[in-house]
Amino acid sequence: MAGVFSLHQFSCKTLSKISPPSQFNSKPTLSPPNSINFNKTPLISSLKISGPGFQVVRAVPDNEWGPEKEEGAATGVAVAEEEPPAKEPTEIELLKKQLVDSFYGTDRGLRATSETRAEIVELITKLEAKNPTPAPTEALTLLDGKWILAYTSFVGLFPLLSRTLALVKVEEISQTIDSKNFTVQNSVLFSGPLATTSLSTNAKFEVRSPKRVQIKFEEGIIGTPRLTDSIVLPENVEFLGTKIDFTPFKGLITSVQDTASSVAKTISSQPPLKFSISNTNTESWLLTTYLDEDLRISRGDAGSIFVLIKEGSPLLTP
């Protein structure tokens, strides 16, 4: 009761206001104890419990912070700028991504099932209908550069891709175009436990239509083998249904490491081997049906399809 009574007295004294004497009234006028003039009421800055049953309020004058600090208090909290919304992929970008994803596990087309081939052909047809470069031979700068083969239906490449030699692997098949000199180089990069080498063909091309070029092969090149300094053999390989164990050879391989390193330096210094191509199958044609800065689709003899991705394109990243 004492605490409540004290609070009542405190409130009354705090809120009571004595009006100045009026010329019409000699007695001072008291404002009602429960009325508050909000225009002159000071701001409350803090609360502190000073005793049981009531709180002591410390009043702060209206101008203690000042206009500048009040404004700073309102804007002092940094607001993070909203990031612009992510750009939605276009229909062509989505189709390209779906096409590249469909190549997974096909070994450039060699191991593609009939269902996968049908899906790939459908996606290719949709992309061809939206070709941003309707006349590729009139945009030769887009053709320039190195293109990596991602998929083909050309059966002539399948024996090469089948890797009949268990220790030899086709690392890359590419085509490099130089539009200024009208040359094309097709190249296959092989790798094995002892060395890496390449087989290339050089050709000239002529523009025959807005989409078609005629290609004439002139020479072949067998790249200089580059032996590895460190020969690493697998534990075993399967060849023609028979598992071959290489464990007994590992001691022998270790003993000839220094010799192999010396041989590698000697062979690598030799020039590549060139030979002319003069048979009847030295010419072919190629029809480019889709072309942009990182994807090219071409159709060749007998309706074969080639899908190539520009070197350095993000489409090559899994």
# chains A, B, ... in the order shown; residues from 1 in each chain; ligands from 1
$ closest_atom_pairs --of "segment 275-317 of chain A" --to "segment 182-205 of chain A" --cutoff "10 Å" --atoms "only C-alpha atoms" --output "JSON lines"
{"residue": "A:Phe275", "atom": "CA", "partner": "A:Thr201", "partner_atom": "CA", "distance": 9.5}
{"residue": "A:Ser276", "atom": "CA", "partner": "A:Thr201", "partner_atom": "CA", "distance": 9.5}
{"residue": "A:Ile277", "atom": "CA", "partner": "A:Thr201", "partner_atom": "CA", "distance": 8.8}
{"residue": "A:Thr282", "atom": "CA", "partner": "A:Ala203", "partner_atom": "CA", "distance": 8.9}
{"residue": "A:Glu283", "atom": "CA", "partner": "A:Ala203", "partner_atom": "CA", "distance": 9.0}
{"residue": "A:Ser284", "atom": "CA", "partner": "A:Phe205", "partner_atom": "CA", "distance": 9.5}
{"residue": "A:Trp285", "atom": "CA", "partner": "A:Phe205", "partner_atom": "CA", "distance": 8.9}
{"residue": "A:Leu286", "atom": "CA", "partner": "A:Phe205", "partner_atom": "CA", "distance": 9.6}
$ residues_around --residues "segment 96-113 of chain A" --least-positions-apart "5" --cutoff "6 Å" --atoms "only C-alpha atoms" --output "PyMOL selection string"
chain A and resi 150-152+158
$ write_last_selection --atoms "N, CA, C and O atoms" --output "PDB file, in the first residue's frame"
ATOM      1  N   ALA A 150      31.369 -33.435 -79.304  1.00  0.00           N
ATOM      2  CA  ALA A 150      30.635 -33.929 -78.137  1.00  0.00           C
ATOM      3  C   ALA A 150      29.746 -35.113 -78.479  1.00  0.00           C
ATOM      4  O   ALA A 150      29.491 -35.973 -77.626  1.00  0.00           O
ATOM      5  N   TYR A 151      29.292 -35.170 -79.746  1.00  0.00           N
ATOM      6  CA  TYR A 151      28.395 -36.259 -80.141  1.00  0.00           C
ATOM      7  C   TYR A 151      28.421 -36.376 -81.660  1.00  0.00           C
ATOM      8  O   TYR A 151      28.537 -35.381 -82.383  1.00  0.00           O
ATOM      9  N   THR A 152      28.308 -37.620 -82.133  1.00  0.00           N
ATOM     10  CA  THR A 152      28.172 -37.866 -83.564  1.00  0.00           C
ATOM     11  C   THR A 152      27.384 -39.150 -83.804  1.00  0.00           C
ATOM     12  O   THR A 152      27.386 -40.058 -82.958  1.00  0.00           O
ATOM     13  N   PHE A 158      33.068 -44.739 -85.213  1.00  0.00           N
ATOM     14  CA  PHE A 158      32.825 -45.704 -84.142  1.00  0.00           C
ATOM     15  C   PHE A 158      33.963 -46.698 -83.940  1.00  0.00           C
ATOM     16  O   PHE A 158      34.290 -47.033 -82.789  1.00  0.00           O
TER      17      PHE A 158
END
$ residues_around --residues "Glu293 of chain A" --least-positions-apart "3" --cutoff "10 Å" --atoms "only C-alpha atoms" --output "ChimeraX atom specification"
/A:133,141-144,296,309-310,313
$ atom_distance --atom1 "atom CA of Ile297 of chain A" --atom2 "atom CA of Pro136 of chain A"
10.8 Å
$ atom_distance --atom1 "atom CA of Lys87 of chain A" --atom2 "atom CA of Ala129 of chain A"
23.5 Å
$ atom_distance --atom1 "atom CA of Thr116 of chain A" --atom2 "atom CA of Leu157 of chain A"
18.4 Å
$ select_by_dssp --residues "segment 69-241 of chain A" --states "alpha helix (DSSP H)" --output "PyMOL selection string"
chain A and resi 69-75+91-102+114-129+140-143+158-161
$ write_last_selection --atoms "C-alpha atoms" --output "short mmCIF file (atom, residue, chain, number, x, y, z; two decimals), in the first residue's frame"
data_model
loop_
_atom_site.label_atom_id
_atom_site.label_comp_id
_atom_site.auth_asym_id
_atom_site.auth_seq_id
_atom_site.Cartn_x
_atom_site.Cartn_y
_atom_site.Cartn_z
CA LYS A 69 20.86 13.14 -34.40
CA GLU A 70 17.19 12.31 -34.67
CA GLU A 71 17.57 12.02 -38.41
CA GLY A 72 20.74 9.93 -38.00
CA ALA A 73 18.98 7.63 -35.57
CA ALA A 74 16.30 7.00 -38.14
CA THR A 75 18.75 6.32 -40.95
CA GLU A 91 14.54 -21.18 -74.49
CA ILE A 92 17.65 -21.73 -76.61
CA GLU A 93 19.87 -21.87 -73.53
CA LEU A 94 17.58 -24.44 -71.93
CA LEU A 95 17.56 -26.56 -75.10
CA LYS A 96 21.37 -26.43 -75.33
CA LYS A 97 21.71 -27.51 -71.70
CA GLN A 98 19.28 -30.40 -72.23
CA LEU A 99 21.13 -31.47 -75.38
CA VAL A 100 24.55 -31.51 -73.68
CA ASP A 101 23.10 -33.35 -70.67
CA SER A 102 21.69 -36.04 -72.99
CA SER A 114 18.07 -45.94 -79.59
CA GLU A 115 15.91 -44.02 -77.07
CA THR A 116 18.77 -41.61 -76.32
CA ARG A 117 19.45 -41.09 -80.02
CA ALA A 118 15.78 -40.27 -80.60
CA GLU A 119 15.86 -37.75 -77.73
CA ILE A 120 19.04 -36.16 -79.10
CA VAL A 121 17.59 -35.87 -82.62
CA GLU A 122 14.45 -34.22 -81.22
CA LEU A 123 16.49 -31.63 -79.29
CA ILE A 124 18.71 -30.98 -82.31
CA THR A 125 15.65 -30.42 -84.51
CA LYS A 126 14.26 -27.88 -82.02
CA LEU A 127 17.58 -26.02 -81.92
CA GLU A 128 17.90 -26.00 -85.71
CA ALA A 129 14.46 -24.37 -85.90
CA LEU A 140 32.92 -17.02 -90.66
CA THR A 141 34.28 -15.39 -87.51
CA LEU A 142 31.85 -17.51 -85.48
CA LEU A 143 33.26 -20.62 -87.17
CA PHE A 158 32.82 -45.70 -84.14
CA PRO A 159 35.75 -48.12 -84.76
CA LEU A 160 38.08 -45.38 -83.55
CA LEU A 161 35.95 -44.73 -80.47
#
